[in-house]
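Let me begin by presenting the structure, written as structure tokens, before commenting on it.
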Amino acid sequence: MTLFENVGWYCMLDGFDEVSGADRWAHIGEWLLTDRRVILYVDWENKSGWEAKDLVEALDAGARIIIVKAGELPPELEGFSSYIVSNTPGGIDAGAK
Amino acid sequence: MKDPLRIRIRSDWDTALTYDSLHEEPENRPVFVGRENVIAPLVAEIIEPNKRGTYLISGYRGTGKTSLIIEALSRAKTQLAAKKFRLFPVVLNVSEVSASLGQVSSDAPIQLDIDPRRLLIALIRQIREGMKRLPDMDEPLKQLAEAVNYAHEKATASKFALSQASGQETTNTRSSEWALAIDDTNVLKTLAVVTGAAAVAFEAAALTGMSWLHTAALGLAGIFTITLTASIKRSREKKSTNSRQMSFEYDNSLQQLETDLKDILASLKQNKLRTVVVMEELDKIDDPKGQQLAAVIRYFKNLFTQAPALFFFVTDKSYFDIISSAIKRARRSRSYAVEHTFFTHRIFVGRPTTDESLEFIEAIAEESNAKGDIRAVTNTLGKPSRMDDIDHLGRFIRLVLFNAANHLFDLKNELRRFARSEEVHVDGTTTRVSSFLIDEQTLPPEEAASAVFQDLIVEKTRSFEIKGGRTYANEVLADSLYAVFNELGSSQPQKIDSFLPITNSDSAEALLLDEQLDLNEAARVREAVHSLIDDLERGRALQSRDTTANTFTWRDDAARAFRYVRQLQKHEESLIAEMERYGTLVNALTDPSVQHPLSKEFEVRARNLRRATEPLTADAAAAQQREVLDRYAAAVSDSFNARLNSLADYGFVFEEVARGVGGSLHLVKPKSGDPRLRTTGPRGGVLLAFGETETLAADVWSFITPTTPSLAPLDRAALVQVVHTGDNVAQEIQNRHEWWGQYFKARGANTLQIAVDVIPLVKAKDESLTEIERIAASLASFGAWSRPEKRPYEPIPHNVPPLKDALEKGKTYSILHIASPVQGPLRPFEERDLLERDGAVVMSLSVTVAL
């Protein structure tokens with residue numbers, strides 16, 4: 001299942017406990033991310049099977065992602081605009097990058 | 001006009017129907033036509049002997065109210081015969097009622113008054129007179145006649161004494177007075193002797209074999225002491241021979257007389273006489289506020305509604321207005337007017353229609369070819385564009401109708417100008433014939449030119465006719481239209497407002513022309529008048545028109561200068577606009593390259609309407625507008641249903657919450673059921689609305705905040721509204737969004753979280769999703785958003801500072817990077833609620849770590 005399919009699919013399961021037509025949701029999932037109806041949350045140390053390239057695909061589509069990861073972002077994601085929050089020296093709010 | 005036109009007519013053509021006509025054979029009666037819609041129900045009531053009731057029959061003077069009643073009685077008479085009943089009309093006119101107690105002096109100014117006693121006496125007297133005229137009186141009828149006579153004697157007596165002999169002879173002593181003043185000074189004494197008097201009375205009845213009524217009257221007799229202040233007295237005494245005489249003074253109180261009359265009416269029915277009481281000329285009473293009549297009717301309400309007879313009260317329009325106004329005003333103040341129950345039926349008799357007036361002219365014509373020609377005029381009336389084709393007869397008829405303004409009384413006057421009575425010699429015999437002569441003398445060209453205005457009025461009357469049996473409203477319509485021509489030829493500015501129904505008066509005393517019109521009817525009349533004046537202006541009948549002062553001035557030669565130019569009426573323009581609008585909208589339901597069949601049909605209909613030579617009536621236009629809307633709504637509804645079916649393929653389950661014209665509301669139901677039934681919170685739900693119903697907002701709100709105890713309100717509610725928009729999709733969507741925002745804000749939905757999405761029914765040009773995918777996307781994400789309990793807060797390092805500001809500042813960035821090292825315990829990412837305020841969902845792609 002692609003990330004886009006997963007987004008649509010799990011919205012349905014969370015909202016209505018059932019879903020059908022797996023092949024129908026990719027397009028919808030992508031739109032939900034693009035329109036920022038769905039914001040992804042990724043705990044980098046615990047991301048279950050998703051890889052950086054999946055997130056890149058979502059970010060390319062216009063998605064917004066909250067990533068919890070100590071230190072720097074993975075190099076694949078560095079090209080995207082980001083806003084850093086950190087309590088390490090350098091400030092609580094490190095600002096945009 | 002080269003050759004004079006002669007139309008042979010009945011010599012009695014202008015004779016009015018009178019109650020005497022009831023005794024004549026139908027073929028010998030004067031001409032009566034039309035009014036079928038009023039007469040037929042009246043006849044149906046009269047021929048049913050068990051029917052009873054009070055009828056207010058009102059209308060302008062001269063509109064033929066009396067003729068209408070006579071015609072109804074006449075038809076009923078024949079049908080009653082089949083039921084072995086005889087018609088027994090009792091006709092009272094107010095002068096008879098008023099005079100039933102006499103005048104003090106013949107020199108005094110005549111003032112017509114009516115009160116309960118006068119009415120009772122007059123009624124009993126007329127019944128007595130009616131019975132005298134009855135042929136073939138059998139024994140029971142003779143006894144009844146005797147009882148009526150007795151009741152009348154008693155009623156007119158200021159003091160009535162009867163000495164009863166043991167034998168067959170009776171002595172009556174009767175005092176009558178011409179100016180009445182009754183002073184009952186001894187009621188207690190009266191009551192004390194009633195019982196004893198009754199006992200003796202029954203004994204006497206047994207001896208004399210008197211009729212039941214007489215007996216009853218005796219039995220209920222009491223003694224009144226009556227002080228007389230009469231100025232003139234009359235006494236008469238009959239033979240008196242008795243040896244064992246008892247003397248009574250009878251109760252001729254109002255209550256007793258009423259009882260007598262009730263008994264008489266019941267007895268008339270038992271004797272197969274159908275009593276119809278007609279009280280004529282009530283408008284002649286000096287009673288501008290209707291108080292006298294009201295007092296009488298109030299007093300006798302029980303008698304009038306319970307007695308086995310029909311009571312017709314014939315008044316002019318003003319009394320109808322008084323009653324209706326009282327009822328209307330009472331309704332305004334949420335009360336129930338006494339006048340409401342005065343009459344079981346209120347009938348307003350309008351002036352004859354143009355067709356009825358024509359029917360009358362046809363009926364008085366004697367020769368069949370002339371009748372045919374007159375009938376043929378009907379086909380061209382109301383078509384002012386065809387005036388050039390109108391012949392002498394057509395112009396003559398139009399002119400008399402125009403000058404008479406359809407009033408029957410005035411129509412006869414107008415026709416009299418053309419009526420001639422001449423001697424004709426045929427085969428050596430001389431006969432006198434009547435005819436209408438139409439030549440240049442009787443119908444000069446300049447006058448004949450006015451005929452076109454009648455067509456104009458007929459066209460407006462038909463176009464703007466107020467359907468639904470609203471004679472009153474149509475009378476106001478005709479009044480207003482004819483009023484425009486009241487000063488035809490005048491050089492003075494004509495105030496347009498003066499032709500219109502008066503509205504918005506707050507005066508409780510005001511009796512307005514249109515007091516009985518509802519707002520739609522008043523608007524219809526105004527529209528008709530303005531349409532007429534527009535036509536006159538366009539056709540060059542007006543010298544000038546001042547739209548600021550709302551006046552116009554006639555041209556000197558208005559009638560001759562006028563040329564009709566057909567223009568679409570406002571209601572036609574409105575219908576065309578609706579067809580064009582819905583044609584465009586319905587087209588958007590399908591592939592834009594293929595015209596929807598309904599759109600094609602609307603296009604053709606609009607084109608035909610523009611090309612029509614005659615206007616569509618306002619009612620027909622309104623009916624067509626409804627039909628256009630219904631068909632559009634059906635097409636949209638089909639489209640909605642098709643989309644619901646498509647959405648089901650994604651796994652959505654819908655439960656209908658509400659439905660109306662043009663839309664429906666559904667709960668998108670989770671497998672766990674209606675979220676409002678959950679015993680614990682939070683409770684979230686998603687609604688899908690298709691289209692726009694009158695009650696959509698209320699339905700949505702009542703779903704979210706149910707008042708039923710078994711249902712709990714929602715904490716998070718999402719609404720997806722699918723609307724069918726016009727060309728300006730983005731603007732309409734935005735407007736709708738804002739509307740919902742204001743609506744929920746006004747409801748004080750502070751603690752409740754609400755998310756709304758408005759989606760066009762048809763895929764927007766710049767939309768990447770199909771309309772079904774777009775709806776599915778909204779529903780799915782709202783579904784997840786509405787149930788936060790299914791998505792536990794994500795764990796973040798406890799040392800991450802509050803993220804409120806960061807979320808706000810970083811909202812335009814693709815990534816919000818929380819770069820704090822994970823040290824120590826975790827805390828819930830509660831700040832995500834800020835991100836989800838408007839219906840967005842934070843979805844975790846991580847393995848859940850228990851906090």
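In the structure tokens, each chain is lettered A, B, ... as it comes, each chain's residues begin at 1, and ligands are numbered from 1 in order of appearance.
The set of residues in chain A assigned to strand (DSSP E) by DSSP, using only backbone atoms of this structure, is Val38, Ile39, Leu40, Tyr41, Val42, Asp43, Ile65, Ile66, Ile67, Val68, Ser82, Tyr83, Ile84, Val85, Asp93, Ala94, Gly95 and Ala96 of chain A.
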Written file, previous selection with C-alpha atoms, as a PDB file, in the first residue's frame:
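After the write, part-v2.pdb holds the following:
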```pdb
ATOM      1  CA  VAL A  38      -4.269  15.537   6.563  1.00  0.00           C
ATOM      2  CA  ILE A  39      -0.985  16.453   8.283  1.00  0.00           C
ATOM      3  CA  LEU A  40       1.448  13.617   8.756  1.00  0.00           C
ATOM      4  CA  TYR A  41       3.207  12.962  12.026  1.00  0.00           C
ATOM      5  CA  VAL A  42       6.396  10.920  11.950  1.00  0.00           C
ATOM      6  CA  ASP A  43       8.411   9.790  14.921  1.00  0.00           C
ATOM      7  CA  ILE A  65       4.758  16.748   7.874  1.00  0.00           C
ATOM      8  CA  ILE A  66       5.671  16.975  11.537  1.00  0.00           C
ATOM      9  CA  ILE A  67       8.867  15.070  12.096  1.00  0.00           C
ATOM     10  CA  VAL A  68      10.205  14.252  15.541  1.00  0.00           C
ATOM     11  CA  SER A  82      11.254  23.384   7.368  1.00  0.00           C
ATOM     12  CA  TYR A  83      10.626  25.015  10.662  1.00  0.00           C
ATOM     13  CA  ILE A  84      12.725  23.685  13.489  1.00  0.00           C
ATOM     14  CA  VAL A  85      11.740  23.462  17.118  1.00  0.00           C
ATOM     15  CA  ASP A  93      12.631  27.946  18.790  1.00  0.00           C
ATOM     16  CA  ALA A  94      15.319  27.542  16.212  1.00  0.00           C
ATOM     17  CA  GLY A  95      13.153  28.978  13.439  1.00  0.00           C
ATOM     18  CA  ALA A  96      12.986  28.424   9.743  1.00  0.00           C
TER      19      ALA A  96
END
```
Up to 6 Å from chain A, what residues of chain B turn up? Count only C-alpha atoms and give them as a PyMOL selection string. chain B and resi 650-651+670-671+777+780-781+783-784+790+810+813-821+840-847
Near-range 717-734 of chain B list (9 Å; only C-alpha atoms; drop same-chain fewer than 2 positions) as JSON, numbers by chain: {"B": [581, 584, 585, 586, 588, 589, 636, 640, 665, 683, 684, 685, 686, 687, 688, 689, 690, 691, 692, 700, 704, 714, 715, 736, 737, 738, 739, 752, 753, 754, 755, 756, 757, 758, 759, 760, 761, 762, 764, 775, 778, 779, 782, 783, 785, 786, 839]}
Taking N, CA and C atoms for each residue, export the selection above as a CSV table (one decimal), in the first residue's frame.
```
chain,number,residue,atom,x,y,z
B,581,ARG,N,-32.3,30.0,-16.4
B,581,ARG,CA,-31.4,29.7,-15.2
B,581,ARG,C,-31.3,28.2,-15.0
B,584,THR,N,-29.5,26.3,-17.6
B,584,THR,CA,-28.1,26.3,-17.5
B,584,THR,C,-27.6,25.4,-16.4
B,585,LEU,N,-28.3,25.4,-15.3
B,585,LEU,CA,-27.9,24.6,-14.1
B,585,LEU,C,-28.0,23.1,-14.4
B,586,VAL,N,-29.1,22.8,-15.1
B,586,VAL,CA,-29.4,21.4,-15.3
B,586,VAL,C,-28.4,20.9,-16.3
B,588,ALA,N,-25.4,21.6,-16.4
B,588,ALA,CA,-24.1,21.4,-15.7
B,588,ALA,C,-24.1,20.1,-14.9
B,589,LEU,N,-25.2,19.4,-15.0
B,589,LEU,CA,-25.3,18.1,-14.3
B,589,LEU,C,-24.6,17.0,-15.1
B,636,VAL,N,-32.0,17.2,-10.4
B,636,VAL,CA,-30.9,17.3,-9.4
B,636,VAL,C,-30.9,16.1,-8.4
B,640,PHE,N,-28.2,13.5,-7.4
B,640,PHE,CA,-27.7,13.3,-6.0
B,640,PHE,C,-27.8,11.8,-5.7
B,665,LEU,N,-30.6,15.4,3.6
B,665,LEU,CA,-29.5,15.5,4.6
B,665,LEU,C,-29.3,14.0,5.1
B,683,ARG,N,-18.1,12.6,21.3
B,683,ARG,CA,-19.0,12.1,20.2
B,683,ARG,C,-18.8,13.0,19.0
B,684,GLY,N,-18.4,12.3,17.9
B,684,GLY,CA,-18.3,13.1,16.7
B,684,GLY,C,-19.1,12.5,15.5
B,685,GLY,N,-19.5,13.3,14.6
B,685,GLY,CA,-20.3,12.8,13.5
B,685,GLY,C,-20.1,13.6,12.2
B,686,VAL,N,-20.4,12.9,11.1
B,686,VAL,CA,-20.3,13.6,9.8
B,686,VAL,C,-21.6,13.6,9.1
B,687,LEU,N,-22.0,14.7,8.6
B,687,LEU,CA,-23.3,14.8,7.9
B,687,LEU,C,-23.0,15.2,6.4
B,688,LEU,N,-23.8,14.6,5.6
B,688,LEU,CA,-23.7,15.0,4.1
B,688,LEU,C,-25.0,15.6,3.7
B,689,ALA,N,-24.9,16.8,3.2
B,689,ALA,CA,-26.2,17.5,2.7
B,689,ALA,C,-26.1,17.6,1.2
B,690,PHE,N,-27.1,17.2,0.5
B,690,PHE,CA,-27.2,17.4,-0.9
B,690,PHE,C,-28.2,18.5,-1.2
B,691,GLY,N,-27.7,19.5,-1.9
B,691,GLY,CA,-28.6,20.6,-2.3
B,691,GLY,C,-29.0,21.5,-1.1
B,692,GLU,N,-30.1,22.2,-1.3
B,692,GLU,CA,-30.6,23.2,-0.4
B,692,GLU,C,-32.0,23.0,-0.1
B,700,VAL,N,-29.8,20.4,10.4
B,700,VAL,CA,-28.4,20.1,10.8
B,700,VAL,C,-28.2,20.4,12.3
B,704,ILE,N,-27.3,17.9,15.4
B,704,ILE,CA,-26.0,18.1,16.2
B,704,ILE,C,-26.4,18.3,17.7
B,714,LEU,N,-23.4,16.3,19.9
B,714,LEU,CA,-22.0,16.0,19.4
B,714,LEU,C,-21.0,17.0,19.9
B,715,ASP,N,-19.8,16.5,20.0
B,715,ASP,CA,-18.7,17.4,20.4
B,715,ASP,C,-17.9,17.9,19.2
B,736,ARG,N,-21.3,30.4,0.7
B,736,ARG,CA,-22.0,29.4,1.4
B,736,ARG,C,-21.2,29.1,2.7
B,737,HIS,N,-19.9,29.0,2.5
B,737,HIS,CA,-19.0,28.8,3.7
B,737,HIS,C,-19.2,29.8,4.7
B,738,GLU,N,-19.2,31.1,4.3
B,738,GLU,CA,-19.4,32.2,5.2
B,738,GLU,C,-20.7,32.1,5.9
B,739,TRP,N,-21.7,31.7,5.1
B,739,TRP,CA,-23.0,31.7,5.7
B,739,TRP,C,-23.1,30.7,6.9
B,752,LEU,N,-18.6,23.4,21.0
B,752,LEU,CA,-18.8,22.4,19.9
B,752,LEU,C,-17.8,22.8,18.8
B,753,GLN,N,-17.0,21.8,18.3
B,753,GLN,CA,-16.1,22.0,17.2
B,753,GLN,C,-16.9,21.6,15.9
B,754,ILE,N,-16.9,22.6,14.9
B,754,ILE,CA,-17.6,22.3,13.7
B,754,ILE,C,-16.7,22.5,12.5
B,755,ALA,N,-16.8,21.6,11.6
B,755,ALA,CA,-16.1,21.8,10.3
B,755,ALA,C,-17.0,21.7,9.2
B,756,VAL,N,-16.9,22.6,8.2
B,756,VAL,CA,-17.8,22.6,7.1
B,756,VAL,C,-17.0,22.6,5.8
B,757,ASP,N,-17.5,21.8,4.8
B,757,ASP,CA,-17.0,21.9,3.5
B,757,ASP,C,-18.1,22.0,2.5
B,758,VAL,N,-18.0,22.9,1.6
B,758,VAL,CA,-19.0,23.0,0.5
B,758,VAL,C,-18.4,22.6,-0.8
B,759,ILE,N,-19.0,21.7,-1.5
B,759,ILE,CA,-18.5,21.1,-2.7
B,759,ILE,C,-19.4,21.3,-3.8
B,760,PRO,N,-19.0,21.7,-5.0
B,760,PRO,CA,-19.9,21.8,-6.1
B,760,PRO,C,-20.3,20.4,-6.6
B,761,LEU,N,-21.6,20.3,-7.0
B,761,LEU,CA,-22.1,19.0,-7.5
B,761,LEU,C,-21.3,18.5,-8.7
B,762,VAL,N,-21.0,19.5,-9.5
B,762,VAL,CA,-20.3,19.1,-10.7
B,762,VAL,C,-18.8,19.6,-10.6
B,764,ALA,N,-15.4,21.0,-10.5
B,764,ALA,CA,-14.9,22.3,-10.9
B,764,ALA,C,-13.7,22.1,-11.9
B,775,ILE,N,-15.9,14.5,-2.8
B,775,ILE,CA,-16.8,14.3,-1.7
B,775,ILE,C,-16.3,13.2,-0.8
B,778,SER,N,-13.5,14.5,1.4
B,778,SER,CA,-13.9,15.3,2.5
B,778,SER,C,-14.6,14.5,3.6
B,779,LEU,N,-15.4,13.6,3.2
B,779,LEU,CA,-16.1,12.7,4.2
B,779,LEU,C,-15.1,11.9,5.0
B,782,PHE,N,-13.0,14.1,7.3
B,782,PHE,CA,-13.8,14.6,8.4
B,782,PHE,C,-14.2,13.5,9.4
B,783,GLY,N,-14.3,12.3,8.8
B,783,GLY,CA,-14.6,11.1,9.6
B,783,GLY,C,-13.5,10.9,10.6
B,785,TRP,N,-11.3,13.0,11.6
B,785,TRP,CA,-11.2,14.2,12.5
B,785,TRP,C,-12.3,14.2,13.6
B,786,SER,N,-13.5,13.6,13.2
B,786,SER,CA,-14.6,13.7,14.2
B,786,SER,C,-14.4,12.7,15.3
B,839,GLY,N,-10.9,21.1,11.0
B,839,GLY,CA,-11.3,19.9,10.4
B,839,GLY,C,-10.1,19.1,9.8
```
If you run DSSP on the backbone here, which positions in chain A get helix (DSSP H, G or I)? Please write them as a PyMOL selection string. chain A and resi 3-16+22-34+44-46+52-61+75-77
Can I get the selected residues back with C-alpha atoms, as a PDB file, in the first residue's frame?
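This went into again_15.pdb:
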```pdb
ATOM      1  CA  LEU A   3       1.510   6.253   1.500  1.00  0.00           C
ATOM      2  CA  PHE A   4      -1.298   8.010  -0.381  1.00  0.00           C
ATOM      3  CA  GLU A   5      -3.525   4.942  -0.262  1.00  0.00           C
ATOM      4  CA  ASN A   6      -2.710   4.552   3.397  1.00  0.00           C
ATOM      5  CA  VAL A   7      -3.843   8.097   4.169  1.00  0.00           C
ATOM      6  CA  GLY A   8      -7.279   7.687   2.564  1.00  0.00           C
ATOM      7  CA  TRP A   9      -7.677   4.180   3.859  1.00  0.00           C
ATOM      8  CA  TYR A  10      -6.937   5.036   7.465  1.00  0.00           C
ATOM      9  CA  CYS A  11      -9.074   8.135   7.434  1.00  0.00           C
ATOM     10  CA  MET A  12     -11.990   5.875   6.571  1.00  0.00           C
ATOM     11  CA  LEU A  13     -11.101   3.300   9.193  1.00  0.00           C
ATOM     12  CA  ASP A  14     -10.654   5.916  11.893  1.00  0.00           C
ATOM     13  CA  GLY A  15     -13.840   7.695  10.942  1.00  0.00           C
ATOM     14  CA  PHE A  16     -16.225   4.931   9.967  1.00  0.00           C
ATOM     15  CA  ALA A  22      -8.389  -0.165  -1.927  1.00  0.00           C
ATOM     16  CA  ASP A  23      -7.467   0.998  -5.389  1.00  0.00           C
ATOM     17  CA  ARG A  24      -9.723   4.058  -5.094  1.00  0.00           C
ATOM     18  CA  TRP A  25      -7.863   5.808  -2.322  1.00  0.00           C
ATOM     19  CA  ALA A  26      -4.476   6.739  -3.710  1.00  0.00           C
ATOM     20  CA  HIS A  27      -5.745   9.729  -5.594  1.00  0.00           C
ATOM     21  CA  ILE A  28      -7.868  10.851  -2.672  1.00  0.00           C
ATOM     22  CA  GLY A  29      -5.062  10.361  -0.168  1.00  0.00           C
ATOM     23  CA  GLU A  30      -2.724  12.457  -2.271  1.00  0.00           C
ATOM     24  CA  TRP A  31      -5.321  15.224  -2.496  1.00  0.00           C
ATOM     25  CA  LEU A  32      -5.854  15.166   1.263  1.00  0.00           C
ATOM     26  CA  LEU A  33      -2.151  15.703   1.801  1.00  0.00           C
ATOM     27  CA  THR A  34      -1.846  18.299  -0.921  1.00  0.00           C
ATOM     28  CA  TRP A  44      11.535   9.064  13.006  1.00  0.00           C
ATOM     29  CA  GLU A  45      12.739   6.379  15.341  1.00  0.00           C
ATOM     30  CA  ASN A  46       9.435   4.550  15.255  1.00  0.00           C
ATOM     31  CA  ALA A  52      12.312   8.741   3.510  1.00  0.00           C
ATOM     32  CA  LYS A  53      11.393   8.372  -0.173  1.00  0.00           C
ATOM     33  CA  ASP A  54       7.725   7.934   0.776  1.00  0.00           C
ATOM     34  CA  LEU A  55       7.860  11.188   2.666  1.00  0.00           C
ATOM     35  CA  VAL A  56       9.635  12.857  -0.206  1.00  0.00           C
ATOM     36  CA  GLU A  57       6.815  11.795  -2.499  1.00  0.00           C
ATOM     37  CA  ALA A  58       4.286  13.279  -0.089  1.00  0.00           C
ATOM     38  CA  LEU A  59       6.270  16.467   0.318  1.00  0.00           C
ATOM     39  CA  ASP A  60       6.611  16.745  -3.446  1.00  0.00           C
ATOM     40  CA  ALA A  61       2.819  16.584  -3.635  1.00  0.00           C
ATOM     41  CA  PRO A  75      19.431  14.280   3.858  1.00  0.00           C
ATOM     42  CA  GLU A  76      16.518  13.280   1.517  1.00  0.00           C
ATOM     43  CA  LEU A  77      14.313  15.850   3.237  1.00  0.00           C
TER      44      LEU A  77
END
```
